[in-house]
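S.K.: TSV, C-alpha atoms, saved as query01.tsv, coming up:
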```
chain	number	residue	atom	x	y	z
A	1	MET	CA	46.37	42.41	115.19
A	2	ALA	CA	45.46	41.13	111.71
A	3	TYR	CA	46.79	37.77	110.54
A	4	LEU	CA	47.44	36.66	106.99
A	5	ASN	CA	46.98	33.25	105.42
A	6	ASP	CA	50.34	31.62	106.22
A	7	HIS	CA	49.80	29.01	103.54
A	8	TYR	CA	50.60	31.61	100.86
A	9	LEU	CA	54.09	31.88	102.33
A	10	LYS	CA	54.73	28.27	101.33
A	11	LEU	CA	54.34	29.11	97.65
A	12	LYS	CA	57.47	29.22	95.54
A	13	SER	CA	58.80	32.68	94.71
A	14	GLY	CA	56.63	33.23	91.64
A	15	TYR	CA	53.96	31.58	89.56
A	16	LEU	CA	55.57	30.13	86.42
A	17	PHE	CA	54.17	32.53	83.82
A	18	PRO	CA	54.91	35.79	85.68
A	19	GLU	CA	58.49	34.55	86.08
A	20	ILE	CA	58.70	33.92	82.33
A	21	ALA	CA	57.33	37.42	81.70
A	22	ARG	CA	59.91	38.91	84.04
A	23	ARG	CA	62.81	37.20	82.26
A	24	VAL	CA	61.51	38.18	78.85
A	25	LYS	CA	61.12	41.80	79.97
A	26	VAL	CA	64.71	41.94	81.20
A	27	PHE	CA	65.97	40.43	77.95
A	28	CYS	CA	63.94	42.80	75.75
A	29	GLU	CA	65.04	45.89	77.66
A	30	GLY	CA	68.67	44.91	77.17
A	31	ASN	CA	68.28	43.78	73.55
A	32	PRO	CA	65.91	46.11	71.67
A	33	LYS	CA	66.77	44.70	68.23
A	34	ALA	CA	66.08	41.15	69.37
A	35	ALA	CA	62.90	42.33	71.08
A	36	ALA	CA	61.60	43.57	67.74
A	37	ARG	CA	61.74	40.04	66.30
A	38	LEU	CA	60.53	38.25	69.43
A	39	ILE	CA	57.92	35.52	68.89
A	40	ARG	CA	55.96	34.25	71.88
A	41	CYS	CA	55.24	30.53	72.02
A	42	GLY	CA	55.10	30.32	75.79
A	43	ILE	CA	51.77	31.05	77.46
A	44	GLY	CA	48.81	29.28	75.85
A	45	ASP	CA	47.00	32.43	74.74
A	46	VAL	CA	45.08	32.45	71.47
A	47	THR	CA	45.97	34.95	68.75
A	48	GLU	CA	43.32	34.73	66.03
A	49	PRO	CA	40.12	36.87	65.86
A	50	LEU	CA	36.88	35.62	67.37
A	51	PRO	CA	34.59	33.60	65.07
A	52	ALA	CA	32.22	35.73	62.99
A	53	ALA	CA	29.19	34.08	64.62
A	54	VAL	CA	30.49	35.12	68.03
A	55	ILE	CA	31.06	38.72	66.88
A	56	ALA	CA	27.52	38.91	65.50
A	57	ALA	CA	26.09	37.58	68.77
A	58	LEU	CA	28.11	40.10	70.77
A	59	HIS	CA	26.80	43.00	68.68
A	60	LYS	CA	23.23	41.80	68.99
A	61	ALA	CA	23.53	41.36	72.75
A	62	VAL	CA	25.09	44.81	73.17
A	63	ASP	CA	22.16	46.30	71.25
A	64	GLU	CA	19.79	44.50	73.60
A	65	MET	CA	21.57	46.09	76.55
A	66	ALA	CA	20.81	49.51	75.04
A	67	ARG	CA	17.03	49.11	75.36
A	68	ARG	CA	15.01	48.97	78.56
A	69	ASP	CA	12.76	46.14	77.34
A	70	THR	CA	15.72	43.85	76.49
A	71	PHE	CA	18.25	45.04	79.09
A	72	HIS	CA	19.75	42.40	81.42
A	73	GLY	CA	21.10	43.07	84.91
A	74	TYR	CA	22.08	40.34	87.33
A	75	GLY	CA	21.77	36.94	85.71
A	76	PRO	CA	21.50	33.46	87.24
A	77	GLU	CA	24.69	32.61	89.14
A	78	GLN	CA	24.71	29.15	87.53
A	79	GLY	CA	24.38	30.63	84.05
A	80	TYR	CA	21.52	31.51	81.72
A	81	GLU	CA	19.31	28.59	80.79
A	82	PHE	CA	19.85	29.17	77.06
A	83	LEU	CA	23.59	28.54	77.39
A	84	ARG	CA	23.38	25.66	79.86
A	85	ARG	CA	20.88	23.94	77.57
A	86	ALA	CA	23.12	24.44	74.52
A	87	ILE	CA	26.12	23.03	76.39
A	88	ALA	CA	24.33	20.00	77.81
A	89	GLN	CA	22.69	19.19	74.47
A	90	ASN	CA	25.64	19.69	72.12
A	91	ASP	CA	28.57	18.56	74.24
A	92	TYR	CA	26.87	15.71	76.05
A	93	ARG	CA	23.35	14.55	75.13
A	94	ASP	CA	24.03	14.59	71.38
A	95	ARG	CA	26.90	12.23	72.19
A	96	GLY	CA	24.69	9.92	74.23
A	97	LEU	CA	25.78	11.27	77.63
A	98	GLU	CA	22.99	12.03	80.09
A	99	VAL	CA	24.04	15.39	81.52
A	100	ALA	CA	21.17	17.60	82.63
A	101	ASP	CA	21.04	21.34	81.99
A	102	ASP	CA	21.21	22.12	85.69
A	103	GLU	CA	24.34	20.00	86.15
A	104	VAL	CA	26.19	22.61	84.04
A	105	PHE	CA	27.65	25.65	85.82
A	106	VAL	CA	28.81	28.56	83.63
A	107	SER	CA	31.87	30.43	84.92
A	108	ASP	CA	34.53	32.92	83.90
A	109	GLY	CA	37.24	30.30	83.36
A	110	SER	CA	38.15	26.66	83.95
A	111	LYS	CA	41.34	27.83	85.66
A	112	CYS	CA	39.15	29.61	88.22
A	113	ASP	CA	36.91	26.59	88.73
A	114	CYS	CA	39.86	24.20	89.11
A	115	GLY	CA	40.92	26.30	92.10
A	116	ASN	CA	37.47	27.20	93.43
A	117	ILE	CA	36.33	23.57	93.56
A	118	LEU	CA	38.50	23.19	96.66
A	119	ASP	CA	35.97	25.34	98.53
A	120	ILE	CA	33.65	22.34	98.80
A	121	LEU	CA	36.29	19.64	99.34
A	122	GLY	CA	37.65	18.83	102.79
A	123	HIS	CA	41.17	19.20	104.13
A	124	GLN	CA	41.31	15.47	104.97
A	125	ASN	CA	41.60	14.42	101.33
A	126	ARG	CA	44.67	12.63	100.05
A	127	ILE	CA	45.30	14.41	96.75
A	128	GLY	CA	46.99	12.98	93.66
A	129	LEU	CA	48.42	15.14	90.88
A	130	MET	CA	50.02	14.38	87.56
A	131	ASP	CA	53.70	15.32	87.28
A	132	PRO	CA	54.35	17.35	85.14
A	133	VAL	CA	51.20	19.23	86.02
A	134	TYR	CA	49.35	22.49	85.30
A	135	PRO	CA	50.69	24.64	88.18
A	136	VAL	CA	47.24	25.90	89.22
A	137	TYR	CA	46.32	22.48	90.63
A	138	VAL	CA	49.31	22.55	92.96
A	139	ASP	CA	49.30	26.20	93.98
A	140	THR	CA	45.60	26.35	94.84
A	141	ASN	CA	45.97	23.34	97.13
A	142	VAL	CA	48.88	25.08	98.83
A	143	MET	CA	46.78	28.24	99.25
A	144	ALA	CA	43.93	26.20	100.71
A	145	GLY	CA	46.19	24.67	103.35
A	146	HIS	CA	46.14	21.14	101.97
A	147	THR	CA	49.93	20.75	101.92
A	148	GLY	CA	53.03	21.09	103.98
A	149	ALA	CA	56.15	22.91	102.86
A	150	ALA	CA	57.95	22.30	99.57
A	151	ASP	CA	61.21	20.35	99.48
A	152	GLU	CA	64.31	21.32	97.51
A	153	SER	CA	62.82	19.94	94.30
A	154	GLY	CA	59.67	22.03	94.74
A	155	ALA	CA	57.42	19.08	95.67
A	156	TYR	CA	54.97	19.77	98.49
A	157	ASP	CA	54.50	17.49	101.45
A	158	GLY	CA	50.94	16.18	101.53
A	159	LEU	CA	50.50	15.86	97.77
A	160	VAL	CA	50.98	12.60	95.90
A	161	TYR	CA	52.79	13.16	92.60
A	162	LEU	CA	51.95	10.69	89.83
A	163	PRO	CA	54.85	10.44	87.36
A	164	CYS	CA	53.99	11.12	83.72
A	165	THR	CA	56.93	10.23	81.48
A	166	PRO	CA	57.61	9.09	77.92
A	167	ALA	CA	57.65	5.52	79.27
A	168	ASN	CA	53.96	5.63	80.24
A	169	GLY	CA	52.86	7.97	77.47
A	170	PHE	CA	52.38	10.77	80.02
A	171	VAL	CA	49.37	8.97	81.53
A	172	PRO	CA	49.90	8.11	85.20
A	173	GLU	CA	49.75	4.53	86.42
A	174	ILE	CA	46.97	3.53	88.79
A	175	PRO	CA	48.48	3.84	92.31
A	176	ASP	CA	48.62	1.02	94.81
A	177	GLY	CA	47.39	3.24	97.65
A	178	LYS	CA	44.14	5.11	98.10
A	179	LEU	CA	43.77	8.66	96.82
A	180	ASP	CA	40.64	10.67	97.58
A	181	ILE	CA	41.01	13.37	94.90
A	182	VAL	CA	42.86	12.91	91.59
A	183	TYR	CA	43.51	15.62	89.01
A	184	LEU	CA	43.55	14.43	85.39
A	185	CYS	CA	43.98	16.69	82.35
A	186	TYR	CA	43.47	15.40	78.79
A	187	PRO	CA	44.38	16.45	76.19
A	188	ASN	CA	47.20	17.25	78.54
A	189	ASN	CA	48.74	20.56	79.40
A	190	PRO	CA	51.76	20.68	79.15
A	191	THR	CA	52.70	17.42	77.36
A	192	GLY	CA	50.02	17.35	74.65
A	193	ALA	CA	49.32	13.69	75.44
A	194	VAL	CA	45.89	12.05	75.37
A	195	ALA	CA	44.44	9.23	77.44
A	196	THR	CA	42.87	6.21	75.77
A	197	ARG	CA	39.44	4.84	76.65
A	198	ALA	CA	41.09	1.91	78.44
A	199	GLN	CA	43.29	4.21	80.51
A	200	LEU	CA	40.37	6.43	81.53
A	201	THR	CA	38.28	3.34	82.31
A	202	ALA	CA	41.00	2.16	84.69
A	203	TRP	CA	40.90	5.52	86.50
A	204	VAL	CA	37.09	5.54	86.73
A	205	ASP	CA	37.13	1.98	88.07
A	206	TYR	CA	39.74	3.04	90.64
A	207	ALA	CA	37.65	6.04	91.70
A	208	LEU	CA	34.47	3.98	92.06
A	209	LYS	CA	36.27	1.32	94.06
A	210	ASN	CA	37.82	3.85	96.45
A	211	ARG	CA	34.92	6.35	96.44
A	212	SER	CA	37.38	8.91	95.10
A	213	ILE	CA	36.64	11.95	92.94
A	214	LEU	CA	38.34	12.65	89.62
A	215	LEU	CA	38.80	16.32	88.75
A	216	TYR	CA	38.91	16.08	84.97
A	217	ASP	CA	40.23	19.12	83.08
A	218	ALA	CA	39.12	18.86	79.45
A	219	ALA	CA	39.87	22.44	78.39
A	220	TYR	CA	41.52	21.21	75.16
A	221	GLU	CA	38.83	18.67	74.21
A	222	ALA	CA	38.19	20.36	70.84
A	223	TYR	CA	41.70	19.43	69.68
A	224	ILE	CA	41.12	15.67	69.79
A	225	SER	CA	41.38	14.42	66.21
A	226	ASP	CA	41.76	10.70	66.92
A	227	PRO	CA	38.23	9.17	66.83
A	228	GLN	CA	39.25	6.53	69.37
A	229	ILE	CA	40.04	9.09	72.09
A	230	PRO	CA	37.18	10.07	74.45
A	231	HIS	CA	36.17	13.73	74.44
A	232	SER	CA	34.63	13.56	77.92
A	233	ILE	CA	35.28	11.54	81.05
A	234	TYR	CA	31.54	10.83	81.06
A	235	GLU	CA	31.98	8.57	78.04
A	236	ILE	CA	33.32	6.08	80.57
A	237	PRO	CA	30.57	4.09	82.38
A	238	GLY	CA	30.29	5.13	86.02
A	239	ALA	CA	32.06	8.48	85.60
A	240	LEU	CA	28.92	10.46	86.43
A	241	GLU	CA	29.24	9.00	89.93
A	242	CYS	CA	32.89	9.92	90.46
A	243	ALA	CA	34.01	12.82	88.25
A	244	ILE	CA	33.73	16.59	87.85
A	245	GLU	CA	34.55	17.88	84.38
A	246	PHE	CA	35.97	21.32	83.57
A	247	ARG	CA	35.62	22.82	80.08
A	248	SER	CA	36.50	26.17	78.55
A	249	PHE	CA	35.57	28.32	75.56
A	250	SER	CA	39.04	29.89	75.63
A	251	LYS	CA	40.90	27.39	73.50
A	252	ASN	CA	38.19	26.48	71.00
A	253	GLY	CA	36.30	29.76	70.52
A	254	GLY	CA	39.15	32.09	71.41
A	255	PHE	CA	37.54	33.41	74.60
A	256	THR	CA	40.72	34.08	76.57
A	257	GLY	CA	39.79	37.78	76.51
A	258	LEU	CA	36.02	37.29	76.94
A	259	ARG	CA	36.20	34.78	79.82
A	260	CYS	CA	33.64	31.99	79.70
A	261	ALA	CA	33.83	28.34	80.68
A	262	PHE	CA	31.73	25.71	82.42
A	263	THR	CA	31.96	22.93	84.96
A	264	VAL	CA	29.77	19.83	85.14
A	265	VAL	CA	28.93	18.61	88.64
A	266	PRO	CA	26.70	15.52	88.35
A	267	LYS	CA	23.90	15.08	90.88
A	268	ALA	CA	24.98	11.47	91.37
A	269	LEU	CA	28.38	12.58	92.71
A	270	THR	CA	28.81	12.32	96.48
A	271	ALA	CA	31.51	12.75	99.10
A	272	ALA	CA	31.72	12.00	102.81
A	273	THR	CA	31.13	14.44	105.62
A	274	GLY	CA	33.42	14.53	108.64
A	275	VAL	CA	31.27	11.87	110.34
A	276	GLY	CA	31.23	9.61	107.29
A	277	LYS	CA	27.80	10.41	105.85
A	278	PHE	CA	27.77	10.67	102.06
A	279	THR	CA	26.09	13.72	100.57
A	280	GLY	CA	25.82	15.30	97.12
A	281	LEU	CA	28.34	17.85	95.86
A	282	HIS	CA	25.93	19.44	93.39
A	283	PRO	CA	23.96	21.48	95.97
A	284	LEU	CA	27.20	22.53	97.67
A	285	TRP	CA	28.70	23.83	94.41
A	286	LEU	CA	25.43	25.63	93.69
A	287	ARG	CA	25.56	27.19	97.15
A	288	ARG	CA	29.17	28.21	96.65
A	289	SER	CA	28.42	29.72	93.23
A	290	SER	CA	25.40	31.68	94.40
A	291	THR	CA	27.36	33.04	97.38
A	292	LYS	CA	30.70	33.92	95.80
A	293	PHE	CA	29.92	34.51	92.13
A	294	ASN	CA	27.52	36.85	90.34
A	295	GLY	CA	27.70	35.05	87.03
A	296	VAL	CA	29.18	35.66	83.58
A	297	SER	CA	27.76	38.68	81.76
A	298	TYR	CA	24.72	38.26	79.53
A	299	VAL	CA	26.63	39.57	76.52
A	300	VAL	CA	29.41	37.00	76.88
A	301	GLN	CA	26.98	34.13	77.46
A	302	ARG	CA	25.14	35.02	74.24
A	303	ALA	CA	28.53	34.96	72.50
A	304	ALA	CA	29.24	31.51	73.93
A	305	GLU	CA	25.83	30.28	72.81
A	306	ALA	CA	26.74	31.28	69.23
A	307	ILE	CA	29.55	28.71	69.25
A	308	TYR	CA	26.85	26.02	69.09
A	309	SER	CA	25.13	27.47	66.01
A	310	ALA	CA	25.81	25.79	62.66
A	311	GLU	CA	28.01	28.71	61.59
A	312	GLY	CA	29.72	28.82	64.97
A	313	LYS	CA	30.63	25.13	64.88
A	314	THR	CA	32.16	25.49	61.42
A	315	GLN	CA	34.14	28.58	62.41
A	316	VAL	CA	35.39	27.02	65.66
A	317	ARG	CA	36.53	23.96	63.71
A	318	GLN	CA	38.50	26.26	61.41
A	319	LEU	CA	40.15	27.95	64.40
A	320	VAL	CA	41.08	24.64	65.98
A	321	ASP	CA	42.41	23.31	62.68
A	322	HIS	CA	44.53	26.45	62.33
A	323	TYR	CA	46.20	25.94	65.72
A	324	LEU	CA	46.61	22.20	65.12
A	325	GLY	CA	48.26	23.06	61.81
A	326	ASN	CA	50.67	25.32	63.69
A	327	ALA	CA	51.40	22.51	66.11
A	328	GLN	CA	52.23	20.19	63.22
A	329	VAL	CA	54.61	22.79	61.74
A	330	LEU	CA	56.33	23.25	65.11
A	331	ARG	CA	56.46	19.52	65.74
A	332	GLU	CA	58.19	18.91	62.41
A	333	GLY	CA	60.54	21.85	62.96
A	334	ALA	CA	61.58	20.63	66.40
A	335	ARG	CA	62.17	17.12	65.04
A	336	ALA	CA	64.26	18.50	62.19
A	337	ALA	CA	66.30	20.34	64.84
A	338	GLY	CA	67.19	16.94	66.32
A	339	LEU	CA	64.86	17.13	69.32
A	340	GLN	CA	62.72	14.33	70.66
A	341	VAL	CA	59.15	15.66	70.59
A	342	TYR	CA	55.76	14.60	71.90
A	343	GLY	CA	52.23	16.01	71.58
A	344	GLY	CA	51.07	18.33	68.82
A	345	GLU	CA	48.64	15.84	67.27
A	346	ASN	CA	45.58	15.98	69.54
A	347	ALA	CA	46.61	19.12	71.38
A	348	PRO	CA	48.04	22.56	70.54
A	349	TYR	CA	51.23	21.94	72.53
A	350	ILE	CA	54.60	20.44	71.63
A	351	TRP	CA	56.54	18.83	74.47
A	352	ALA	CA	60.20	18.79	73.47
A	353	GLN	CA	63.08	17.12	75.24
A	354	ALA	CA	66.14	19.34	75.58
A	355	PRO	CA	69.54	18.00	74.50
A	356	ALA	CA	71.38	15.87	77.04
A	357	GLY	CA	72.75	17.89	79.93
A	358	VAL	CA	70.60	20.96	79.19
A	359	THR	CA	68.12	21.94	81.91
A	360	SER	CA	64.69	23.34	81.20
A	361	TRP	CA	65.62	26.90	82.16
A	362	GLN	CA	68.89	26.65	80.21
A	363	ALA	CA	66.82	25.64	77.18
A	364	PHE	CA	64.52	28.60	77.83
A	365	ASP	CA	67.46	31.01	77.93
A	366	THR	CA	69.07	29.53	74.81
A	367	VAL	CA	65.90	29.69	72.74
A	368	LEU	CA	65.15	33.21	73.97
A	369	LYS	CA	68.62	34.65	73.42
A	370	GLU	CA	69.63	32.86	70.23
A	371	ALA	CA	66.29	32.31	68.48
A	372	ASN	CA	64.36	35.18	70.09
A	373	VAL	CA	61.48	32.81	70.82
A	374	VAL	CA	59.65	32.45	74.13
A	375	ILE	CA	58.94	28.88	75.22
A	376	THR	CA	57.89	27.42	78.59
A	377	PRO	CA	60.46	25.53	80.70
A	378	GLY	CA	59.21	22.08	81.61
A	379	SER	CA	60.55	22.22	85.16
A	380	GLY	CA	57.90	24.85	85.90
A	381	PHE	CA	55.34	22.06	85.63
A	382	GLY	CA	57.03	19.73	88.12
A	383	ARG	CA	60.01	17.47	88.71
A	384	ASN	CA	59.22	15.21	85.77
A	385	GLY	CA	59.14	18.25	83.50
A	386	GLU	CA	62.84	18.88	84.05
A	387	GLY	CA	64.79	18.51	80.82
A	388	PHE	CA	61.74	19.35	78.67
A	389	PHE	CA	60.12	22.51	77.36
A	390	ARG	CA	56.70	23.34	75.93
A	391	ILE	CA	56.08	25.13	72.63
A	392	SER	CA	52.61	26.58	72.08
A	393	GLY	CA	50.84	26.37	68.74
A	394	PHE	CA	48.74	29.43	69.51
A	395	ASN	CA	50.07	31.87	66.94
A	396	SER	CA	49.85	32.91	63.31
A	397	ARG	CA	50.93	30.39	60.69
A	398	ALA	CA	53.72	32.72	59.55
A	399	ASN	CA	55.10	32.88	63.11
A	400	ALA	CA	54.86	29.12	63.55
A	401	GLU	CA	56.82	28.58	60.33
A	402	GLU	CA	59.42	31.15	61.39
A	403	VAL	CA	59.84	29.52	64.81
A	404	ALA	CA	60.31	26.14	63.13
A	405	ARG	CA	63.10	27.64	61.01
A	406	ARG	CA	64.77	29.29	64.00
A	407	LEU	CA	64.72	26.09	66.03
A	408	GLN	CA	66.58	24.30	63.25
A	409	ALA	CA	69.21	27.02	63.21
A	410	LEU	CA	69.96	26.71	66.94
A	411	LYS	CA	73.35	25.50	68.10
A	412	TRP	CA	73.00	23.90	71.51
```
Will you turn the file into structure tokens for me?

M.R.:
Amino acid sequence: MAYLNDHYLKLKSGYLFPEIARRVKVFCEGNPKAAARLIRCGIGDVTEPLPAAVIAALHKAVDEMARRDTFHGYGPEQGYEFLRRAIAQNDYRDRGLEVADDEVFVSDGSKCDCGNILDILGHQNRIGLMDPVYPVYVDTNVMAGHTGAADESGAYDGLVYLPCTPANGFVPEIPDGKLDIVYLCYPNNPTGAVATRAQLTAWVDYALKNRSILLYDAAYEAYISDPQIPHSIYEIPGALECAIEFRSFSKNGGFTGLRCAFTVVPKALTAATGVGKFTGLHPLWLRRSSTKFNGVSYVVQRAAEAIYSAEGKTQVRQLVDHYLGNAQVLREGARAAGLQVYGGENAPYIWAQAPAGVTSWQAFDTVLKEANVVITPGSGFGRNGEGFFRISGFNSRANAEEVARRLQALKW
């Protein structure tokens, strides 16, 4: 008799975004005229073409694959040296942060790495999560057997939820008790909030004191426009001893369809074995990668390398500025519609509070049916997301302006 992984049965009926897709599909099938004017501001998928430098690098790499003398088969599981060097130099060492090339692991997505990192972390850990939270952090812990069942509100036994509300600027307070693993995401998905240097310093100090590990998701780092906001957790002294950082090329270079990201696992980072001996995580993550992953394709890694060229940096900045401009348009439109809004300044997301008495899914249905716009219900991100919804700035400028107009025409 074959047995399945019972932990999957604890998951709620559907991952947030497939459920949104299902509802939109039902609506479009029943309303073909409305479907024709539908604008999607739900899932955080980019819409604009790849930077020209990336396209040129792709073409060159494809041509190399057509010749025996420049063909590439299996590459290094950790990533080609040319890309790891470019990442470590441009994103870290040029900013005064001592990250070595071999502390960078190239992957096919930060979403994947945020889940896969659990392979090298024990089941004994007491895990803290922001609430609202990117659902992947929760669901992958459920899949790994780190939780009990969910209660009526959808919260899982065994996880510690750290409230993120307008009162604390969507940055969780330092807990009184000890947490072993803490997920932090800034600029934040879904709220669009950022954490100050002082706030991140408090979390690093907490982690060092408790020998905890911070899992720091910085996928939206390129959107930080405030010079006072750290771009990396490693800007905080001591973070190399207590934090793993996840980054992605999806939201800056538009790689959602190409798939390329990276994770930094410092050699100074350690965790305890079952008998209390501290050992490094770097060799374990390398072992995991070389066993379960065959690496990102050569062609895509050459494309990612092009992001760090002079032309690539300029073109990526233009892409980011475009999406931030959309976010500003949407932010102003939501405010003009009488909504309380957050985010949209250092992140591509608007976090809007629904009118009093309107739930997140009710807001979703209203905006879909009356404005023909797809948003993301805040309750899908956790209990503290109830009563809010997320609007994505990933779109054309014309669509962003049209959505802003439609929001102002809504009658709640």

S.K.: At a cut-off of 7 Å, using all atoms listed in the file, what residues contact Val329 of chain A? Leave out same-chain residues fewer than 5 positions from it and give the result as a list in words.

M.R.: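 Within the cut-off, the hits are Ala400, Glu401 and Ala404 of chain A.
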
S.K.: Within 12 Å of Tyr186 of chain A, counting all atoms listed in the file, which residues show up once you throw out same-chain ones fewer than 4 positions away? Write them as a PyMOL selection string, please.

M.R.: chain A and resi 130+133-134+170-172+190-197+199-200+215-224+229-233+245-247+343+346-349

S.K.: Considering only C-alpha atoms, return as a short mmCIF file (atom, residue, chain, number, x, y, z; two decimals) with C-alpha atoms, keeping the file's coordinate frame whatever protein or nucleic-acid residues lie within 7 Å of Cys260 of chain A, sequence-local ones (same chain, fewer than 5 positions apart) excluded.

M.R.:
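Output contents, as saved in out-v3.cif:
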```cif
data_model
loop_
_atom_site.label_atom_id
_atom_site.label_comp_id
_atom_site.auth_asym_id
_atom_site.auth_seq_id
_atom_site.Cartn_x
_atom_site.Cartn_y
_atom_site.Cartn_z
CA SER A 107 31.87 30.43 84.92
CA ASP A 108 34.53 32.92 83.90
CA GLY A 109 37.24 30.30 83.36
CA SER A 248 36.50 26.17 78.55
CA PHE A 249 35.57 28.32 75.56
CA PHE A 255 37.54 33.41 74.60
CA VAL A 296 29.18 35.66 83.58
#
```

S.K.: Between A:Asn116, A:Ser396, A:Thr256, A:Ser110, single out the one closest to Val300 of chain A, counting all atoms listed in the file.

M.R.: A:Thr256

S.K.: Can you tell me which residues surround Pro237 of chain A at a distance of at most 10 Å, considering all atoms listed in the file, apart from same-chain residues fewer than 2 positions away, and format the answer as an MDAnalysis selection string?

M.R.: chainID A and resid 97 201 204:205 233:235 239:241

S.K.: Would you mind reading off the distance between atom CA of Met143 of chain A and atom CA of Gly378 of chain A, one decimal, in Å?

M.R.: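 Atom CA of Gly378 of chain A lies at a distance of 22.4 Å from atom CA of Met143 of chain A.
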
S.K.: Ala57 of chain A: which residues within 7 Å, counting only C-alpha atoms, same-chain residues fewer than 6 positions away excluded, as a list in words?

M.R.: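 So, after excluding close chain neighbours, the residues are Arg302, Ala303 and Ala306 of chain A.
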
S.K.: What does the distance from atom CA of Asn384 of chain A to atom CA of Gly169 of chain A come to in Å, to one decimal?

M.R.: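 So the answer is 12.7 Å.
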
S.K.: Grab the atom CA of Gly158 of chain A to atom CA of Tyr206 of chain A distance for me, in Å with one decimal place.

M.R.: 20.4 Å

S.K.: For each of A:Ala149, A:Ile120, A:Ala354, A:Ala35, take the minimum atom-to-atom distance to Gly385 of chain A, counting all atoms listed in the file, then give the residue where this is smallest.

M.R.: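 Using all atoms listed in the file, the shortest distance to Gly385 of chain A belongs to A:Ala354.
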
S.K.: Here is a test: counting only C-alpha atoms, which residue of A:Leu368, A:Ala34, A:Leu330, A:Leu159 is nearest to Ala398 of chain A?

M.R.: A:Leu330

S.K.: Considering all atoms listed in the file, tabulate each residue of segment 70-162 of chain A that lies at most 10 Å from segment 61-64 of chain A along with its nearest interatomic pair and the corresponding distance in Å to one decimal; arrange the rows by chain and ascending residue number and present them as JSON lines.

M.R.:
```
{"residue": "A:Thr70", "atom": "CA", "partner": "A:Glu64", "partner_atom": "CA", "distance": 5.0}
{"residue": "A:Phe71", "atom": "CA", "partner": "A:Glu64", "partner_atom": "CA", "distance": 5.7}
{"residue": "A:His72", "atom": "CA", "partner": "A:Glu64", "partner_atom": "CA", "distance": 8.1}
```

S.K.: Taking only C-alpha atoms into account, name the residue in A:Asn90, A:Thr270, A:Asn125, A:Asn188 that is nearest to Glu345 of chain A.

M.R.: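 Comparing A:Asn90, A:Thr270, A:Asn125, A:Asn188 against Glu345 of chain A, the winner is A:Asn188.
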
S.K.: Considering all atoms listed in the file, can you say which of A:Gln353, A:Thr359, A:Gln408, A:Thr366 comes closest to Ala337 of chain A?

M.R.: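 Using all atoms listed in the file, Ala337 of chain A sits closest to A:Gln408.
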
S.K.: Between A:Lys209, A:His146, A:Arg317, A:Lys10, which is the closest to Gly177 of chain A once you count only C-alpha atoms?

M.R.: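 Among A:Lys209, A:His146, A:Arg317, A:Lys10, it is A:Lys209 that comes nearest to Gly177 of chain A.
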